[in-house]
Structures are given as structure tokens and as C-alpha cells.
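As provided, work-v4.pdb (PDB, C-alpha atoms) reads as follows.
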```pdb
ATOM      1  CA  MET L   1       0.000   0.000   0.000
ATOM      2  CA  SER L   2       1.299   3.451  -0.844
ATOM      3  CA  VAL L   3       1.997   6.078   1.766
ATOM      4  CA  ILE L   4      -0.723   8.269   0.243
ATOM      5  CA  GLY L   5      -3.472   5.831   1.152
ATOM      6  CA  ASN L   6      -2.263   5.032   4.656
ATOM      7  CA  LEU L   7      -2.309   7.690   7.388
ATOM      8  CA  ALA L   8      -0.161   5.614   9.764
ATOM      9  CA  LYS L   9       2.543   5.232   7.109
ATOM     10  CA  LEU L  10       2.333   8.948   6.327
ATOM     11  CA  GLN L  11       2.799   9.792  10.002
ATOM     12  CA  GLN L  12       5.796   7.440  10.145
ATOM     13  CA  LEU L  13       7.232   9.119   7.047
ATOM     14  CA  TYR L  14       7.119  12.436   8.915
ATOM     15  CA  GLU L  15       9.532  11.007  11.475
ATOM     16  CA  VAL L  16      12.086   9.752   8.918
ATOM     17  CA  ASP L  17      11.835  12.037   5.871
ATOM     18  CA  ASP L  18      10.001  15.278   6.491
ATOM     19  CA  HIS L  19      10.680  16.544   2.964
ATOM     20  CA  GLU L  20       9.052  13.503   1.369
ATOM     21  CA  TRP L  21       6.244  13.782   3.929
ATOM     22  CA  LEU L  22       5.693  17.399   2.862
ATOM     23  CA  LEU L  23       5.649  16.512  -0.837
ATOM     24  CA  THR L  24       3.141  13.738  -0.148
ATOM     25  CA  ASN L  25       0.838  16.087   1.766
ATOM     26  CA  ILE L  26       1.100  18.651  -1.025
ATOM     27  CA  GLU L  27       0.066  15.987  -3.526
ATOM     28  CA  LEU L  28      -2.863  14.998  -1.315
ATOM     29  CA  LEU L  29      -3.942  18.637  -1.142
ATOM     30  CA  LYS L  30      -3.706  19.006  -4.921
ATOM     31  CA  GLN L  31      -5.839  15.880  -5.313
ATOM     32  CA  ARG L  32      -8.263  17.286  -2.693
ATOM     33  CA  ARG L  33      -7.913  14.079  -0.672
ATOM     34  CA  PHE L  34      -8.284  15.936   2.601
ATOM     35  CA  ASP L  35      -9.313  12.857   4.572
ATOM     36  CA  HIS L  36      -5.865  11.323   3.902
ATOM     37  CA  LEU L  37      -3.813  14.272   5.182
ATOM     38  CA  ASP L  38      -1.615  13.958   8.234
ATOM     39  CA  LEU L  39      -3.438  16.860   9.870
ATOM     40  CA  GLU L  40      -1.766  16.639  13.276
ATOM     41  CA  ASN L  41       1.743  17.064  11.894
ATOM     42  CA  LEU L  42       0.592  19.412   9.133
ATOM     43  CA  ILE L  43      -0.911  21.803  11.682
ATOM     44  CA  GLU L  44       2.271  21.637  13.752
ATOM     45  CA  GLU L  45       4.401  22.437  10.702
ATOM     46  CA  LEU L  46       2.184  25.327   9.641
ATOM     47  CA  GLU L  47       2.298  26.814  13.143
ATOM     48  CA  SER L  48       6.070  26.459  13.139
ATOM     49  CA  LEU L  49       6.285  28.123   9.741
ATOM     50  CA  ALA L  50       4.206  31.073  10.936
ATOM     51  CA  LYS L  51       6.413  31.506  14.021
ATOM     52  CA  ARG L  52       9.571  31.264  11.929
ATOM     53  CA  ASP L  53       8.350  33.904   9.487
ATOM     54  CA  LYS L  54       7.448  36.293  12.318
ATOM     55  CA  HIS L  55      10.799  35.702  13.982
ATOM     56  CA  GLN L  56      12.711  36.369  10.749
ATOM     57  CA  VAL L  57      10.977  39.642   9.916
ATOM     58  CA  LYS L  58      11.195  40.832  13.518
ATOM     59  CA  ASN L  59      14.940  40.172  13.602
ATOM     60  CA  LEU L  60      15.552  41.873  10.269
ATOM     61  CA  LEU L  61      13.611  44.958  11.348
ATOM     62  CA  GLU L  62      15.552  45.087  14.598
ATOM     63  CA  GLN L  63      18.817  45.006  12.636
ATOM     64  CA  ILE L  64      17.633  47.905  10.465
ATOM     65  CA  ILE L  65      16.737  49.937  13.546
ATOM     66  CA  ARG L  66      20.060  49.171  15.252
ATOM     67  CA  HIS L  67      22.060  50.303  12.264
ATOM     68  CA  LEU L  68      19.936  53.395  11.651
ATOM     69  CA  LEU L  69      20.381  54.428  15.269
ATOM     70  CA  LEU L  70      24.128  53.986  15.022
ATOM     71  CA  LEU L  71      24.212  55.853  11.711
ATOM     72  CA  ASN L  72      22.052  58.718  12.963
ATOM     73  CA  PHE L  73      23.326  59.176  16.510
ATOM     74  CA  TRP L  74      26.811  57.699  17.097
ATOM     75  CA  GLN L  75      28.864  60.621  15.863
ATOM     76  CA  ALA L  76      32.143  59.327  17.330
ATOM     77  CA  GLU L  77      32.072  56.337  14.959
ATOM     78  CA  TYR L  78      30.224  57.900  12.030
ATOM     79  CA  GLU L  79      33.189  58.592   9.733
ATOM     80  CA  ARG L  80      34.708  55.171  10.228
ATOM     81  CA  ASN L  81      31.505  53.090  10.045
ATOM     82  CA  GLN L  82      28.902  54.959   7.996
ATOM     83  CA  ASN L  83      29.453  52.980   4.794
ATOM     84  CA  HIS L  84      29.306  49.681   6.654
ATOM     85  CA  TRP L  85      26.111  50.674   8.476
ATOM     86  CA  ARG L  86      24.481  51.856   5.234
ATOM     87  CA  ALA L  87      25.401  48.626   3.451
ATOM     88  CA  GLU L  88      23.993  46.566   6.326
ATOM     89  CA  ILE L  89      20.771  48.589   6.332
ATOM     90  CA  ARG L  90      20.376  48.064   2.581
ATOM     91  CA  SER L  91      20.953  44.333   2.927
ATOM     92  CA  PHE L  92      18.495  43.936   5.797
ATOM     93  CA  ARG L  93      15.876  46.006   3.962
ATOM     94  CA  THR L  94      16.184  43.818   0.880
ATOM     95  CA  GLN L  95      15.886  40.635   2.926
ATOM     96  CA  LEU L  96      12.901  41.996   4.824
ATOM     97  CA  LYS L  97      11.050  43.141   1.705
ATOM     98  CA  ASP L  98      11.521  39.669   0.195
ATOM     99  CA  ARG L  99       9.747  38.122   3.193
ATOM    100  CA  LEU L 100       7.134  40.761   3.979
ATOM    101  CA  THR L 101       3.433  40.102   3.468
ATOM    102  CA  THR L 102       0.498  42.246   4.519
ATOM    103  CA  ASN L 103      -0.023  40.110   7.625
ATOM    104  CA  LEU L 104       3.654  40.233   8.574
ATOM    105  CA  SER L 105       3.709  43.980   7.971
ATOM    106  CA  ASN L 106       0.745  44.392  10.321
ATOM    107  CA  TYR L 107       2.539  42.200  12.854
ATOM    108  CA  LEU L 108       5.635  44.421  12.706
ATOM    109  CA  ILE L 109       3.543  47.550  13.161
ATOM    110  CA  SER L 110       1.886  46.013  16.219
ATOM    111  CA  ILE L 111       5.217  45.229  17.906
ATOM    112  CA  LEU L 112       7.351  48.096  16.586
ATOM    113  CA  SER L 113       7.793  49.647  20.045
ATOM    114  CA  LYS L 114       8.998  46.309  21.455
ATOM    115  CA  ILE L 115      11.410  45.804  18.559
ATOM    116  CA  TYR L 116      12.668  49.352  19.075
ATOM    117  CA  GLY L 117      13.195  48.687  22.775
ATOM    118  CA  ASP L 118      15.293  45.624  21.972
ATOM    119  CA  ALA L 119      17.324  47.539  19.374
ATOM    120  CA  LEU L 120      17.769  50.454  21.756
ATOM    121  CA  GLY L 121      19.135  48.188  24.480
ATOM    122  CA  TYR L 122      21.634  46.736  22.022
ATOM    123  CA  VAL L 123      22.953  50.082  20.751
ATOM    124  CA  GLN L 124      23.145  51.477  24.271
ATOM    125  CA  GLU L 125      25.369  48.574  25.275
ATOM    126  CA  LYS L 126      27.420  48.869  22.079
ATOM    127  CA  THR L 127      28.071  52.560  22.688
ATOM    128  CA  ALA L 128      28.687  52.064  26.429
ATOM    129  CA  PHE L 129      25.683  54.285  27.167
ATOM    130  CA  THR L 130      27.585  57.331  25.859
ATOM    131  CA  VAL L 131      25.050  58.284  23.176
ATOM    132  CA  ASN L 132      21.704  59.944  23.783
ATOM    133  CA  PHE L 133      19.354  57.784  21.705
ATOM    134  CA  PRO L 134      15.618  58.567  21.519
ATOM    135  CA  GLN L 135      13.611  56.593  24.062
ATOM    136  CA  GLU L 136      10.708  56.226  21.602
ATOM    137  CA  CYS L 137      11.047  54.907  18.059
ATOM    138  CA  PRO L 138      11.717  57.868  15.755
ATOM    139  CA  TYR L 139      10.955  55.830  12.620
ATOM    140  CA  THR L 140       7.795  54.618  10.927
ATOM    141  CA  LEU L 141       7.698  51.214   9.300
ATOM    142  CA  GLU L 142       7.582  52.932   5.915
ATOM    143  CA  GLN L 143      10.797  54.800   6.698
ATOM    144  CA  LEU L 144      12.460  51.649   7.961
ATOM    145  CA  LEU L 145      11.670  49.874   4.682
ATOM    146  CA  ASP L 146      12.509  52.794   2.383
ATOM    147  CA  VAL L 147      15.866  52.205   0.645
ATOM    148  CA  ASN L 148      16.334  55.964   0.317
ATOM    149  CA  TYR L 149      15.668  56.798   3.958
ATOM    150  CA  TRP L 150      18.765  57.208   6.122
ATOM    151  CA  ASP L 151      17.861  59.778   8.800
TER     152      ASP L 151
END
```
Represent the structure from my file as C-alpha cells, please.
Amino acid sequence: MSVIGNLAKLQQLYEVDDHEWLLTNIELLKQRRFDHLDLENLIEELESLAKRDKHQVKNLLEQIIRHLLLLNFWQAEYERNQNHWRAEIRSFRTQLKDRLTTNLSNYLISILSKIYGDALGYVQEKTAFTVNFPQECPYTLEQLLDVNYWD
């Protein structure tokens, strides 16, 4: 009997070859054979995927904020590091735009102050608390994503 027709075998496949398991579930979905899906593991994988996507975009946005703060406020290191910071910002913006969906964009807007707080803590430590960074996020999400926005 094929894996497609046997839920127990499909669940076992998940434990030994998750890629093949995924391809099999995709085929079942295409065939609209919903009663044969490994729903328990499929739900777990979809939840994991959603968490991973949120984590990735959150981390990329935090990196953009960190580097913008350093670029805009750390005058002692500006001349030496500005090109590096700008290049990093551009790279993180590109990566973030490649991953961003409307839902993930809304998620970032909803937690922007938390992300800013995390970025602020990092840059304060990096600068040994010698720079007066804004306590509230001075950037909108649109500015953070804009490849032409630097300060």
C-alpha cells in the first residue's frame, strides 16, 4: 500500500523524511484528498512556519533599527563606520522586503515599540551608554523599509 493511502505510514514518514512527507501532503492537497492528510503534523508544521516567518521579519527589522540608530546618533564612529552601516541597512531592507506580506507587515507595526526597545538596548550597550538615543522609536515602518531613507 502506498503512503498516500495510509495515514499511519504517512505519520511514520514524517519522522524519517520530512521533505518527502511534505511533498506527499502537497500531492494529497492538490488531489483534494483531505481525509488522507496527516493533519496533526501538518498543523504543527504550519504553526512552526508562521512563528519562523514572524521571527525572521522581527529580527531583520531590529537590525535595520540598530544600524539606523548607530548611523544617525553615534557621531564618534560615524566617519569610520557609515558605509558599513548603510550597506547593512540596505541588505536587511532587501531581505525583509523579500519576506514581507500584509499580515507580517501588520505584525511588525503592532510590535514596533517592542522591537525598538530591543534595538535600543543593544545600541546602548554597544556605545557604552555614551550616546543619547531617543527613548521612543523615531521611525515609521515605511521609513524603515525605504531604501532611500537614512535619517
Report as a ChimeraX atom specification the residues that result from applying the PyMOL selection byres ((chain L and resi 100-116) around 7) to the structure here.
/L:54,58,62,65,96-99,117-120,137,141
With distances taken over all atoms listed in the file, which of L:Leu10, L:Arg66, L:Leu28, L:Val16 is nearest to Asn41 (chain L)?
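Once distances to Asn41 (chain L) are computed over all atoms listed in the file, the minimum belongs to L:Leu10.
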Run the PyMOL selection byres ((chain L and resi 8) around 12) against the file shown and list the residues it catches, as a PyMOL selection string.
chain L and resi 1-7+9-15+21+36-41
Atoms kept (C-alpha atoms) for selection, written as a PDB file, in the coordinates of the input:
```pdb
ATOM      1  CA  MET L   1       0.000   0.000   0.000  1.00  0.00           C
ATOM      2  CA  SER L   2       1.299   3.451  -0.844  1.00  0.00           C
ATOM      3  CA  VAL L   3       1.997   6.078   1.766  1.00  0.00           C
ATOM      4  CA  ILE L   4      -0.723   8.269   0.243  1.00  0.00           C
ATOM      5  CA  GLY L   5      -3.472   5.831   1.152  1.00  0.00           C
ATOM      6  CA  ASN L   6      -2.263   5.032   4.656  1.00  0.00           C
ATOM      7  CA  LEU L   7      -2.309   7.690   7.388  1.00  0.00           C
ATOM      8  CA  LYS L   9       2.543   5.232   7.109  1.00  0.00           C
ATOM      9  CA  LEU L  10       2.333   8.948   6.327  1.00  0.00           C
ATOM     10  CA  GLN L  11       2.799   9.792  10.002  1.00  0.00           C
ATOM     11  CA  GLN L  12       5.796   7.440  10.145  1.00  0.00           C
ATOM     12  CA  LEU L  13       7.232   9.119   7.047  1.00  0.00           C
ATOM     13  CA  TYR L  14       7.119  12.436   8.915  1.00  0.00           C
ATOM     14  CA  GLU L  15       9.532  11.007  11.475  1.00  0.00           C
ATOM     15  CA  TRP L  21       6.244  13.782   3.929  1.00  0.00           C
ATOM     16  CA  HIS L  36      -5.865  11.323   3.902  1.00  0.00           C
ATOM     17  CA  LEU L  37      -3.813  14.272   5.182  1.00  0.00           C
ATOM     18  CA  ASP L  38      -1.615  13.958   8.234  1.00  0.00           C
ATOM     19  CA  LEU L  39      -3.438  16.860   9.870  1.00  0.00           C
ATOM     20  CA  GLU L  40      -1.766  16.639  13.276  1.00  0.00           C
ATOM     21  CA  ASN L  41       1.743  17.064  11.894  1.00  0.00           C
TER      22      ASN L  41
END
```
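Taking all atoms listed in the file into account, His19 (chain L) lies nearest to L:Glu45 out of the set L:Glu45, L:Asp35, L:Ile64, L:Asn59.
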Distance criterion (all atoms listed in the file): nearest to Thr127 (chain L) out of L:Ile43, L:Val147, L:Ala76, L:Leu61:
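Going through L:Ile43, L:Val147, L:Ala76, L:Leu61 one by one, the smallest distance to Thr127 (chain L) is for L:Ala76.
Here the question is which of L:Arg90, L:His84, L:Gln63, L:Ser48 gets nearest to Tyr149 (chain L) using all atoms listed in the file, and that residue is L:Arg90.
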Coordinates-based distance that separates CA of Glu88 (chain L) from CA of His67 (chain L) (Å, one decimal)
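Going from CA of His67 (chain L) over to CA of Glu88 (chain L) covers 7.3 Å.
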Quick one: of L:Leu70, L:Leu49, L:Ile89, L:Leu42, who's nearest to Tyr122 (chain L), counting all atoms listed in the file?
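Among the listed residues, the smallest separation from Tyr122 (chain L) belongs to L:Leu70.
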Counting only C-alpha atoms, the residue among L:Phe133, L:Gln56, L:Leu69, L:Leu22 that lies closest to Gln82 (chain L) is L:Leu69
I'd like the box whose edges run along x, y and z of the file and which contains every listed atom of region 94-111 of chain L, padded by 4 Å per side; could you state its centre and edge lengths in Å, one decimal, as AutoDock Vina command-line options?
```
--center_x 8.1 --center_y 42.8 --center_z 9.1 --size_x 24.2 --size_y 17.4 --size_z 25.7
```
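We find CA of Val131 (chain L) and CA of Trp74 (chain L) to be spaced 6.4 Å apart.
As for CA of Leu68 (chain L) and CA of Arg86 (chain L), they are spaced 8.0 Å apart.
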